[in-house]
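First the structure, in the form of structure tokens, and then the observations on it.
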Amino acid sequence: MIKPKKTKYRLGTLFGFIALVLISFSPATDPLDRIISSFEKYLAESPQEKVYIHIDRDDYAAGETIWLKAYLTAGPYHEASLLSNTIYVELINSSGEVIQQHQLFSPEGFAAGQVELDESLPSGNYLVRSYTNWMRNADAAYFFHKQIKIWNTQDPINNVLSDEAIALQFFPEGGNLVNGIMSKVGFKAIGKDGLGKLVKGKVLEDEQEVATFESNKLGMGVFALMPKEGKKYTALLENSDEIVPLPKALDSGIILSVTNSPTTADILVKVQASENSNLQTVYLLAQTRGIVCASSQADLSKNVSFIRIPKKEFPSGIAQITVLDETGNPLAERLVFIDHQDQMTITASMNKSIYRPREQVQVDIEVKDKEGKPMEANLSMTIFDGGQVAVDVNKETIQSNLLLSSELKGHIESPGYYFNPSNQNREKDLDILMLTQGWRKFTIKQALSENALDPIYRVERGLSIRGVLTDSKNNQPLEEGTVSYLSLFPIAESKTATSNSTGEFEIHDLIFFDSTKVILQGNSRNRKSATIFIDRSYHSPSLAYHIPSTPIRPGDLEQSFITKATERTAIEKAFDFDNSELALEGVEVKGKRIDAPSPISSTYGAGTVQMQVAGNIGLENQQHPLDLVKGRVSGVQITGTGPSSKILIQGVGSINSSMEPLILLNDFPIKLESLQTLPVHEIQNYTVWKGPDTAIFGARGANGVIGFYTKKEIGGAIAASEKDERPPVIGYQIAKEFYSPKYPLQELNQAKPDRRATLLWAPNIQSDSLGKASVSFFNSDAENVIYGEIEGISSGGKPGILRFSYTIEK
């Protein structure tokens with residue numbers, strides 16, 4: 001066991017002459033060993049995922065489209081997640097109602113998509129929320145949340161001012177006030193709109209003023225207080241008669257105080273115990289995103305200890321410093337932010353700063369690391385009209401989200417403020433934020449909990465289909481029935497599931513898209529006709545975010561946006577010739593219906609041999625579907641009868657130990673024994689594939705293929721858009737391409753005015769090995785300053801952002 005070094009000092013301070021112990025960081029010893037090993041196990045078996053959504057702007061008109069890019073990371077170093085393939089994106093109104101939900105396919109941690117806004121949406125505050133099923137094992141407060149405004153140009157403009165009632169909260173450093181010990185107390189003042197309010201006030205000890213406080217512009221601040229036993233402490237805001245009580249001080253306990261100066265290489269931690277405390281030894285644990293970066297033992301025999309921790313031990317982001325007793329019970333906790341300024345750097349260059357309307361613009365992008373070396377990165381870029389859309393330099397970015405917002409509960413106002421170098425007080429204000437903003441994503445209790453490694457929600461490698469299999473005649477559940485799934489896009493895939501005693505079944509990890517036709521086939525074990533009922537319900541997670549429901553008023557720029565949105569709608573209607581209609585008088589058409597024979601197979605082609613069954617009495621009277629093939633198709637040898645039949649198709653070579661061919665029912669793979677339940681008189685025709693024709697099936701057709709096709713859809717088969725106006729299941733969203741005109745190449749509609757608010761949305765930019773990428777587009781008719789924003793993440797998990805601008809003039 002390595003013992004920490006101890007050096008004694010004598011200091012004259014506010015607390016008198018107290019012997020202090022300065023302890024440097026050292027390797028952990030028991031009981032820290034147990035705690036650290038639990039953290040390591042928790043991190044390995046319960047990796048944390050995060051979602052960040054980059055959208056093209058923050059203001060939209062009803063009827064427009066929100067263009068978005070999802071970045072999904074996993075683990076403490078924010079590498080692209082290879083866990084979940086499914087990202088949920090929701091649009092939620094101010095009443096907390098999910099009005100749209102989409103599923104994005106993210107096999108490599110990235111996905112593009114869109115939310116098309118209904119024209120009837122009322123003006124108001126809305127929320128874009130995103131998460132994975134795996135993320136539901138943690139608090140929903142750690143989902144991605146992005147508040148936006150949607151304006152309906154038909155709504156009247158609201159000019160009513162909202163109530164400015166203020167809620168005042170206090171947060172003692174470390175968690176508690178202790179009588180007789182000087183402490184820092186953070187505070188936060190929040191209005192009804194959820195935003196911080198600038199306030200001043202005083203702290204009263206009984207009726208006597210003992211401290212004053214004043215917030216920054218984000219409604220936060222800090223003051224010092226040494227509570228005394230038997231005294232009552234309250235706060236009074238300036239110009240208010242409301243008395244707000246401060247947290248009650250403990251008679252015995254410890255205080256954790258942290259100094260994190262941006263000019264020093266170390267974090268200085270002070271642990272002080274009250275005179276009547278029985279604690280002789282405490283333990284310190286410092287971690288970032290679950291990585292234990294420092295740990296130490298502190299001697300409190302003299303009531304005070306100092307611990308110095310080098311910042312180089314931490315990655316950039318929030319560090320959680322916790323004081324524990326020897327049983328691992330947390331006694332105090334403090335957050336600090338470590339900023340090594342080691343994020344990736346993005347630069348964008350153009351050949352000029354002033355362009356003409358509708359002129360082509362090329363943006364050359366370069367990505368480098370802290371040392372100036374090129375980086376491969378996945379990026380997204382939006383270009384928008386500064387005459388319609390406000391530029392918020394302090395809004396959420398991928399950098400502020402991954403390093404800050406995703407680690408804290410509750411709404412963080414202007415998170416980009418803390419990463420904007422032009423804000424001189426950002427480091428001081430960031431430390432105040434660490435004092436006041438909620439509890440942490442990783443906690444000691446969570447890591448040590450026996451249930452921490454028993455997640456409720458599974459990692460989704462694909463989509464799931466759930467439902468009930470019932471008897472078609474009496475609707476009673478069918479136990480041990482089989483439900484088979486087939487999809488041919490983007491890859492041919494089939495799976496089966498068995499129903500339980502109540503007829504319920506689940507098929508997991510399916511990959512299909514909204515436009516894909518999926519087929520479900522139900523069969524019972526006793527040849528009963530089966531019907532599938534799909535469970536379309538989805539229990540959305542509870543909302544852990546306050547959306548202001550107060551009416552919104554447009555500012556000057558937002559009013560300009562609304563005006564331009566109205567113009568865009570009028571322009572689209574005036575120039576949309578494709579929607580023109582011409583009414584004709586009624587026309588009577590007479591004819592005779594001709595029943596064409598059913599196609600043999602519309603999916604896999606004609607095959608090698610086709611045989612019509614319907615109408616052929618000699619075939620329709622057979623007992624088993626294989627009797628239709630036996631002795632009638634050259635090269636196909638069938639021995640035995642019924643479910644014990646053996647099939648050998650000559651001319652194909654097996655790639656595995658099995659020689660059984662692939663059996664299809666209506667182009668859907670089924671087991672050989674399932675043919676026993678198929679009445680021969682229901683068969684329209686069959687097809688046999690052998691030789692080169694089997695190539696379309698890939699490895700599945702290595703032993704040949706026999707496909708049977710019924711006269712009509714038999715009980716239990718469900719195909720999208722055939723039995724129900726709604727698809728039985730909703731697939732992954734297909735990302736649409738953002739429309740950007742190419743004026744030099746287009747001669748049509750040159751007279752159509754171009755009032756685009758978003759000039760370009762490019763969600764899939766990939767820098768090469770030299771860190772370079774290039775994007776080109778055409779300007780609109782706007783004569784304004786045009787802004788560009790690039791966000792992204794490197795292959796090693798380093799986020800980066802860039803804002804730039806240029807001007808359009810005639």
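Residue names in the structure tokens use chain letters A, B, ... in the order shown, residue numbers from 1 in each chain, and ligand numbers from 1 in the order shown.
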Next item on the list: May I have all residues of range 342-549 of chain A that DSSP, computed from the backbone, assigns to strand (DSSP E or B), given as JSON, numbers by chain?
Entry: {"A": [345, 346, 347, 348, 349, 354, 355, 360, 361, 362, 363, 364, 365, 366, 367, 368, 374, 377, 378, 379, 380, 381, 382, 383, 384, 385, 408, 440, 463, 464, 465, 466, 467, 468, 469, 470, 471, 477, 482, 483, 484, 485, 486, 487, 493, 494, 495, 496, 497, 498, 504, 505, 506, 507, 508, 509, 510, 513, 519, 520, 521, 522, 523, 530, 531, 532, 533, 534]}
Check: What separation in Å, quoted to one decimal, exists between CA of Thr569 in chain A and CA of Asp155 in chain A?
Finding: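 Those two atoms sit 14.9 Å apart.
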Next item on the list: For CA of Ser634 in chain A and CA of Ile696 in chain A, determine how far apart the two atoms are, in Å to one decimal place.
Entry: 20.8 Å
Next item on the list: Determine the nearest neighbour of Tyr126 in chain A from the options A:Lys197, A:Lys311, A:His546, A:Lys184, counting only C-alpha atoms.
Entry: A:His546
Checklist line | Exercise: range 239-255 of chain A partners within 9 Å, only C-alpha atoms, chain neighbours under 5 positions left out, as a PyMOL selection string | finding: chain A and resi 168-183+200-201+203+227-229+232-234+270-279+303+331-332
Item checked: Nearest residue to Leu268 in chain A from the set A:Ser84, A:Thr498, A:Ser305, A:Thr288 (distances using only C-alpha atoms) ->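 Closest candidate: A:Ser305.
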Nearby residues (only C-alpha atoms) at most 9 Å from Asn137 in chain A, same-chain spacing under 4 positions excluded, as a PDB file with N, CA and C atoms, in the first residue's frame:
ATOM      1  N   ASN A 133     -32.846   4.255 -26.798  1.00  0.00           N
ATOM      2  CA  ASN A 133     -33.499   3.398 -25.810  1.00  0.00           C
ATOM      3  C   ASN A 133     -32.557   3.104 -24.647  1.00  0.00           C
ATOM      4  N   PRO A 455     -29.694  -3.073 -16.419  1.00  0.00           N
ATOM      5  CA  PRO A 455     -30.504  -2.061 -17.103  1.00  0.00           C
ATOM      6  C   PRO A 455     -31.880  -2.593 -17.479  1.00  0.00           C
ATOM      7  N   ILE A 456     -32.848  -1.693 -17.466  1.00  0.00           N
ATOM      8  CA  ILE A 456     -34.214  -2.041 -17.841  1.00  0.00           C
ATOM      9  C   ILE A 456     -34.375  -2.016 -19.358  1.00  0.00           C
ATOM     10  N   TYR A 457     -33.738  -1.029 -19.993  1.00  0.00           N
ATOM     11  CA  TYR A 457     -33.906  -0.826 -21.432  1.00  0.00           C
ATOM     12  C   TYR A 457     -32.690  -1.362 -22.182  1.00  0.00           C
ATOM     13  N   ARG A 458     -32.935  -2.071 -23.246  1.00  0.00           N
ATOM     14  CA  ARG A 458     -31.896  -2.738 -24.005  1.00  0.00           C
ATOM     15  C   ARG A 458     -31.273  -1.817 -25.043  1.00  0.00           C
TER      16      ARG A 458
END
